[in-house]
Every structure is written in structure tokens, then in C-alpha cells.
Amino acid sequence: MRLAQARDWIAGQSWWDVSQHRLAAGALHWSRLVDIPLGLVMLLFRPLLGVAGAEQAALILVPLLTLLAMLALVAALTRRLLDVERAKLAVLIAPLSVPLLYQLRPLRIDHHGWQIVLALTALYCLVGKPTARNGMIAGLSLATLIIISLEGLPIAATLCGIAALAWALDPSRRPALLGTVWGLFAGVVGLQAATRGLTYAAPLCDAITPAWLLVLGVAALGTTFATFAGRAPLAVRIAALAAVGVACAGLLLRTAPECVAGPFAQLDPLTRTLWYDNVSEGLPLWHQFPGWAAMTIGLPITGIIGALLALRSSTGEARARWWILL
């Protein structure tokens, strides 16, 4: 389906129209951002390989590009946390995660690979120096992640929460926190306008809508006000952040109560039974095949244990970075 989206776009279908008219499927709420690298590769190789050959090249090269970006970010992140030698080891260990490699293998041109890259980019910035620039890059990365698919919202919320907690523990990190939340909000607004156009007002739960824009705006504004408590006791700083979270949750309940049950809450029962409940990547871990579940959590658990050991032996700024990573 993603290939059909990119194929239709470069064949003349409007940038704003992400419908699959041959299937009478209506708008798929997918982002054109993922179509850009596919379309560029297809157009680049058409004169050399023809239409079919160019599509095959895109199916191979684009996933490998995301794999390369992921490995580069893993190396950079490990180097920032440790050193060059262990960064080399990290590059060798990362592909041992079968679920991770599954999303980055040739022919896998769905959006998950780019979401992995964007999440790693945000994390890399957050463990760096707590500057407004790093925060802004992290926020823009998270904005792109959730514009591509709203399923990335828990990742964005978690990383923003980590940045907020890091500020609560160390108020000197205020520039990074504000850069993150405002980069996220501004990025979502800009990318939403650039990729959705006037359709942004549609009442959806699986894509950014005015309700989500309002929540993100309140979160950014509320976080800004909360950081004025930088000289207050730790308990006050945490309470200020908690108040922002409660306000955002209440606002979502007020403006889009139908979306509280999840991004696919609007599916009719038949569609959910025949389709969504059979999509393995959308199922909880305890509904996965045992072997796949073990592969999914095995390497992360190993990483958490390693991070805890590194945390015990680190001090100063290095210790703060390990806390953020955990």
C-alpha cells in the first residue's frame, strides 16, 4: 500500500490527496513525508532502470538508508555515553534485535523505520548538552515522528517527560526542555500545515487534529510557566509539571473524549475483528507469539541491565546522561 501511495503521487495524484481511489478506501491518514524518499529514488532511477526497476531500487535502497541512519545514531549515542570502541560494539549488537531489523530490512518501506530513526535522533539530542538547540532538534524530531503516525505519541510523550523530569532535578536544563516542547509544538503545526492542508480539521483519532494541536500548545505553554519555578524546592517543580500533565489530560477528555480509548477507537466492530485484531504489531506483548515476544523484550532488558551497571559506576554529567537513557 505504501508503494501504491508513492507511485500514485509521482504519477500526478495531489500531494494533499492520500486516498486510494482504486480501492475506494478514502483518505488513509498517512503522511506524505514517508513517500518523499521513495518518490525521489524512483524518479532518480527511472531513466536507468525503467519504472519497474526504479520501484525495486526504492524497495531496497530506502530501507537500507534507514538501517544506515539507525546504526549511525546508535554509534553516535554510544560514543556520547561511552567511547569509540564501545560504539563499534553497539553497531554490531543493534542488528541482533530481530524485531528492530525486521522494520529496517529491504522491501519494508512502511513508516516504522523512519520512526525508529527519529526517536533515536531525539534521544541523542536529549543526552547531549542541555542547550536550546539540542532541545529544538529533539522536539522537531518528535514532531516529525508523530506527524508520520500518531502511534509515535507515547514515545514523544515519554521523551518530553524525561526532559521535564531532568529539568526538575537540574533547573539549569531549562533551555533544553523549552526547546523540546516548543520544537515539538511548532514542528507539528508546521508539518501538519505542510502535509495535511485544510483537512487537518477532520475529526480523527489516528492522526493529528485540532484537539491534539490544542493539547500540545497547552503543554508547551504550561511547561514554560512551570519552569519559572526553577528556584523553588524539588517538590514544587514536580508538582508544577504534574499540573501541566493533568491540564493536558483534562483538555483531551474535554475536546476529544472519543480518542481516549486509543487511536483506533473509532473503528467499527467488524473492521476491528476482521482486521485490526489480527495485525500483530498492534497487539500487546502478551498477545504475541512467545518467541517473538522474547525477542522483542530480550535485548531491551539486557540494555537496561547494562545501563544500570553503567549508572552505578558513573558520576557527574555522565551519570545524568545514563539517567536520561534509562
# chains A, B, ... in the order shown; residues from 1 in each chain; ligands from 1
$ residues_around --residues "Pro95 of chain A" --least-positions-apart "5" --cutoff "10 Å" --atoms "only C-alpha atoms" --output "PyMOL selection string"
chain A and resi 67+70-71+90+100-102+104
$ residues_around --residues "Arg86 of chain A" --least-positions-apart "6" --cutoff "9 Å" --atoms "only C-alpha atoms" --output "list in words"
Ala75, Thr78 and Arg79 of chain A
$ residues_around --residues "segment 211-215 of chain A" --least-positions-apart "4" --cutoff "9 Å" --atoms "only C-alpha atoms" --output "ChimeraX atom specification"
/A:185,188-189,203,207,219-220,247-249,251-252,255-256
$ write_last_selection --atoms "C-alpha atoms" --output "PDB file, in the first residue's frame"
ATOM      1  CA  PHE A 185       4.568  22.063  19.069  1.00  0.00           C
ATOM      2  CA  VAL A 188       3.680  19.596  14.489  1.00  0.00           C
ATOM      3  CA  VAL A 189       1.868  22.787  13.471  1.00  0.00           C
ATOM      4  CA  PRO A 203     -12.434  14.516  13.444  1.00  0.00           C
ATOM      5  CA  ALA A 207      -3.937  11.458  13.105  1.00  0.00           C
ATOM      6  CA  ALA A 219       1.649  21.523  27.140  1.00  0.00           C
ATOM      7  CA  ALA A 220       4.303  23.842  25.706  1.00  0.00           C
ATOM      8  CA  ALA A 247      -4.401  20.022  32.492  1.00  0.00           C
ATOM      9  CA  CYS A 248      -3.458  18.396  29.186  1.00  0.00           C
ATOM     10  CA  ALA A 249      -5.263  15.166  30.062  1.00  0.00           C
ATOM     11  CA  LEU A 251      -8.269  19.134  27.908  1.00  0.00           C
ATOM     12  CA  LEU A 252      -8.096  15.990  25.782  1.00  0.00           C
ATOM     13  CA  THR A 255     -12.158  18.183  23.366  1.00  0.00           C
ATOM     14  CA  ALA A 256     -11.783  14.616  22.054  1.00  0.00           C
TER      15      ALA A 256
END
$ select_by_dssp --residues "segment 99-271 of chain A" --states "alpha helix (DSSP H)" --output "PyMOL selection string"
chain A and resi 99-103+112-126+132-148+153-169+174-195+210-226+234-255+269-271
$ residues_around --residues "Tyr124 of chain A" --least-positions-apart "6" --cutoff "9 Å" --atoms "only C-alpha atoms" --output "MDAnalysis selection string"
chainID A and resid 73:74 76:77 80 134 138
$ residues_around --residues "Arg7 of chain A" --least-positions-apart "3" --cutoff "10 Å" --atoms "only C-alpha atoms" --output "list in words"
Met1, Arg2, Leu3, Ala4, Ile10, Ala11, Gly12, Gln13, Asp35, Leu38, Gly39, Met42, Val51 and Glu55 of chain A
$ residues_around --residues "Pro171 of chain A" --least-positions-apart "3" --cutoff "12 Å" --atoms "only C-alpha atoms" --output "PyMOL selection string"
chain A and resi 130+163-168+174-178+226-234+237-238
$ write_last_selection --atoms "C-alpha atoms" --output "mmCIF file, in the first residue's frame"
data_model
loop_
_atom_site.group_PDB
_atom_site.id
_atom_site.type_symbol
_atom_site.label_atom_id
_atom_site.label_comp_id
_atom_site.auth_asym_id
_atom_site.auth_seq_id
_atom_site.Cartn_x
_atom_site.Cartn_y
_atom_site.Cartn_z
ATOM 1 C CA PRO A 130 21.194 20.790 27.642
ATOM 2 C CA ALA A 163 13.284 16.105 29.578
ATOM 3 C CA ALA A 164 10.851 17.648 32.066
ATOM 4 C CA LEU A 165 11.992 15.400 34.910
ATOM 5 C CA ALA A 166 15.624 16.162 34.062
ATOM 6 C CA TRP A 167 14.817 19.869 34.419
ATOM 7 C CA ALA A 168 13.064 19.249 37.742
ATOM 8 C CA ARG A 174 15.573 24.750 31.223
ATOM 9 C CA PRO A 175 16.761 25.740 27.697
ATOM 10 C CA ALA A 176 16.742 22.107 26.570
ATOM 11 C CA LEU A 177 13.275 21.480 27.995
ATOM 12 C CA LEU A 178 11.742 24.578 26.438
ATOM 13 C CA ALA A 226 6.250 25.635 35.191
ATOM 14 C CA THR A 227 9.929 26.368 34.571
ATOM 15 C CA PHE A 228 9.536 29.714 36.332
ATOM 16 C CA ALA A 229 9.603 27.613 39.499
ATOM 17 C CA GLY A 230 13.246 26.785 38.874
ATOM 18 C CA ARG A 231 14.356 28.186 42.231
ATOM 19 C CA ALA A 232 11.558 26.509 44.166
ATOM 20 C CA PRO A 233 12.043 23.205 46.022
ATOM 21 C CA LEU A 234 12.087 19.993 44.005
ATOM 22 C CA ARG A 237 8.858 21.824 40.491
ATOM 23 C CA ILE A 238 7.476 18.314 40.156
#
$ closest_residue --among "A:Thr121, A:Asp83, A:Pro99, A:Ile148" --to "Ile36 of chain A" --atoms "only C-alpha atoms"
A:Ile148
$ closest_residue --among "A:Val98, A:Ala194, A:Ala57, A:Val127" --to "Trp15 of chain A" --atoms "only C-alpha atoms"
A:Ala194
$ residues_around --residues "segment 62-64 of chain A" --least-positions-apart "2" --cutoff "9 Å" --atoms "only C-alpha atoms" --output "ChimeraX atom specification"
/A:37-38,41,57-60,66-69,103-110,113-114
$ closest_residue --among "A:Ala242, A:Val181, A:Val279, A:Ile93" --to "Gly135 of chain A" --atoms "only C-alpha atoms"
A:Val181
$ atom_distance --atom1 "atom CA of Leu33 of chain A" --atom2 "atom CA of Ala6 of chain A"
10.1 Å
$ atom_distance --atom1 "atom CA of Gly303 of chain A" --atom2 "atom CA of Gly139 of chain A"
24.6 Å
$ atom_distance --atom1 "atom CA of Gly306 of chain A" --atom2 "atom CA of Ser172 of chain A"
27.7 Å
$ closest_residue --among "A:Lys129, A:His112, A:Arg254, A:Arg32" --to "Gly152 of chain A" --atoms "only C-alpha atoms"
A:His112
$ decode --residues "segment 89-208 of chain A" --atoms "C-alpha atoms" --output "mmCIF file, in the first residue's frame"
data_model
loop_
_atom_site.group_PDB
_atom_site.id
_atom_site.type_symbol
_atom_site.label_atom_id
_atom_site.label_comp_id
_atom_site.auth_asym_id
_atom_site.auth_seq_id
_atom_site.Cartn_x
_atom_site.Cartn_y
_atom_site.Cartn_z
ATOM 1 C CA LEU A 89 30.388 -2.914 19.590
ATOM 2 C CA ALA A 90 26.984 -1.234 19.769
ATOM 3 C CA VAL A 91 26.788 -1.160 15.974
ATOM 4 C CA LEU A 92 27.390 -4.915 15.953
ATOM 5 C CA ILE A 93 24.899 -5.616 18.737
ATOM 6 C CA ALA A 94 21.984 -3.492 17.472
ATOM 7 C CA PRO A 95 21.162 -5.763 14.499
ATOM 8 C CA LEU A 96 20.802 -8.689 16.920
ATOM 9 C CA SER A 97 17.371 -7.287 17.743
ATOM 10 C CA VAL A 98 15.227 -9.223 15.287
ATOM 11 C CA PRO A 99 12.116 -7.006 15.672
ATOM 12 C CA LEU A 100 14.284 -3.945 15.039
ATOM 13 C CA LEU A 101 15.926 -5.444 11.978
ATOM 14 C CA TYR A 102 12.518 -6.595 10.749
ATOM 15 C CA GLN A 103 11.424 -2.966 10.418
ATOM 16 C CA LEU A 104 14.582 -1.981 8.514
ATOM 17 C CA ARG A 105 15.013 -4.849 6.082
ATOM 18 C CA PRO A 106 14.772 -4.401 2.298
ATOM 19 C CA LEU A 107 11.189 -4.337 0.982
ATOM 20 C CA ARG A 108 9.946 -2.973 4.331
ATOM 21 C CA ILE A 109 9.036 0.563 3.273
ATOM 22 C CA ASP A 110 6.450 1.290 5.942
ATOM 23 C CA HIS A 111 6.864 4.242 8.316
ATOM 24 C CA HIS A 112 8.273 2.344 11.299
ATOM 25 C CA GLY A 113 11.885 2.558 10.167
ATOM 26 C CA TRP A 114 11.753 6.336 9.989
ATOM 27 C CA GLN A 115 10.085 6.484 13.395
ATOM 28 C CA ILE A 116 12.969 4.484 14.873
ATOM 29 C CA VAL A 117 15.462 6.897 13.325
ATOM 30 C CA LEU A 118 13.579 9.950 14.580
ATOM 31 C CA ALA A 119 13.226 8.570 18.113
ATOM 32 C CA LEU A 120 16.964 7.855 18.236
ATOM 33 C CA THR A 121 17.692 11.360 16.962
ATOM 34 C CA ALA A 122 15.621 12.872 19.755
ATOM 35 C CA LEU A 123 17.282 10.657 22.358
ATOM 36 C CA TYR A 124 20.734 11.545 21.045
ATOM 37 C CA CYS A 125 19.959 15.231 21.482
ATOM 38 C CA LEU A 126 18.496 14.784 24.952
ATOM 39 C CA VAL A 127 21.626 13.075 26.289
ATOM 40 C CA GLY A 128 23.779 15.848 24.850
ATOM 41 C CA LYS A 129 24.429 19.274 26.292
ATOM 42 C CA PRO A 130 21.194 20.790 27.642
ATOM 43 C CA THR A 131 21.072 23.596 25.097
ATOM 44 C CA ALA A 132 18.076 25.121 23.382
ATOM 45 C CA ARG A 133 19.475 23.914 20.046
ATOM 46 C CA ASN A 134 19.601 20.286 21.132
ATOM 47 C CA GLY A 135 16.148 20.605 22.633
ATOM 48 C CA MET A 136 14.768 22.128 19.452
ATOM 49 C CA ILE A 137 16.222 19.344 17.291
ATOM 50 C CA ALA A 138 14.770 16.759 19.664
ATOM 51 C CA GLY A 139 11.373 18.447 19.539
ATOM 52 C CA LEU A 140 11.367 18.692 15.749
ATOM 53 C CA SER A 141 12.342 15.022 15.501
ATOM 54 C CA LEU A 142 9.455 14.055 17.761
ATOM 55 C CA ALA A 143 7.103 16.295 15.794
ATOM 56 C CA THR A 144 8.058 14.542 12.576
ATOM 57 C CA LEU A 145 7.623 11.187 14.294
ATOM 58 C CA ILE A 146 4.020 11.816 15.320
ATOM 59 C CA ILE A 147 3.113 13.552 12.064
ATOM 60 C CA ILE A 148 4.218 10.387 10.274
ATOM 61 C CA SER A 149 1.970 8.382 12.576
ATOM 62 C CA LEU A 150 0.200 9.263 15.799
ATOM 63 C CA GLU A 151 1.213 5.879 17.209
ATOM 64 C CA GLY A 152 4.524 7.569 17.968
ATOM 65 C CA LEU A 153 2.812 9.831 20.506
ATOM 66 C CA PRO A 154 3.711 7.640 23.526
ATOM 67 C CA ILE A 155 7.379 7.865 22.503
ATOM 68 C CA ALA A 156 7.153 11.640 22.173
ATOM 69 C CA ALA A 157 5.329 11.970 25.486
ATOM 70 C CA THR A 158 7.876 9.753 27.236
ATOM 71 C CA LEU A 159 10.902 11.655 25.945
ATOM 72 C CA CYS A 160 9.291 15.006 26.756
ATOM 73 C CA GLY A 161 8.500 13.683 30.220
ATOM 74 C CA ILE A 162 12.133 12.640 30.650
ATOM 75 C CA ALA A 163 13.284 16.105 29.578
ATOM 76 C CA ALA A 164 10.851 17.648 32.066
ATOM 77 C CA LEU A 165 11.992 15.400 34.910
ATOM 78 C CA ALA A 166 15.624 16.162 34.062
ATOM 79 C CA TRP A 167 14.817 19.869 34.419
ATOM 80 C CA ALA A 168 13.064 19.249 37.742
ATOM 81 C CA LEU A 169 16.220 17.588 39.047
ATOM 82 C CA ASP A 170 18.518 20.161 37.445
ATOM 83 C CA PRO A 171 16.871 23.535 36.641
ATOM 84 C CA SER A 172 19.873 24.538 34.518
ATOM 85 C CA ARG A 173 18.399 22.253 31.843
ATOM 86 C CA ARG A 174 15.573 24.750 31.223
ATOM 87 C CA PRO A 175 16.761 25.740 27.697
ATOM 88 C CA ALA A 176 16.742 22.107 26.570
ATOM 89 C CA LEU A 177 13.275 21.480 27.995
ATOM 90 C CA LEU A 178 11.742 24.578 26.438
ATOM 91 C CA GLY A 179 13.448 23.852 23.133
ATOM 92 C CA THR A 180 11.976 20.355 23.182
ATOM 93 C CA VAL A 181 8.370 21.254 23.957
ATOM 94 C CA TRP A 182 8.245 24.290 21.676
ATOM 95 C CA GLY A 183 10.094 22.451 18.914
ATOM 96 C CA LEU A 184 7.516 19.682 19.194
ATOM 97 C CA PHE A 185 4.568 22.063 19.069
ATOM 98 C CA ALA A 186 5.924 24.286 16.297
ATOM 99 C CA GLY A 187 7.071 21.279 14.298
ATOM 100 C CA VAL A 188 3.680 19.596 14.489
ATOM 101 C CA VAL A 189 1.868 22.787 13.471
ATOM 102 C CA GLY A 190 4.224 23.419 10.556
ATOM 103 C CA LEU A 191 4.333 19.848 9.288
ATOM 104 C CA GLN A 192 0.586 19.457 9.705
ATOM 105 C CA ALA A 193 0.019 22.514 7.546
ATOM 106 C CA ALA A 194 2.604 21.347 5.007
ATOM 107 C CA THR A 195 1.304 17.790 4.662
ATOM 108 C CA ARG A 196 -2.396 17.878 5.532
ATOM 109 C CA GLY A 197 -3.540 21.299 4.440
ATOM 110 C CA LEU A 198 -7.163 22.126 5.154
ATOM 111 C CA THR A 199 -8.048 18.519 6.025
ATOM 112 C CA TYR A 200 -6.431 18.974 9.430
ATOM 113 C CA ALA A 201 -9.863 19.745 10.893
ATOM 114 C CA ALA A 202 -11.253 16.263 10.228
ATOM 115 C CA PRO A 203 -12.434 14.516 13.444
ATOM 116 C CA LEU A 204 -9.897 11.683 13.635
ATOM 117 C CA CYS A 205 -8.252 9.685 16.405
ATOM 118 C CA ASP A 206 -5.386 8.179 14.398
ATOM 119 C CA ALA A 207 -3.937 11.458 13.105
ATOM 120 C CA ILE A 208 -3.195 14.956 14.358
#
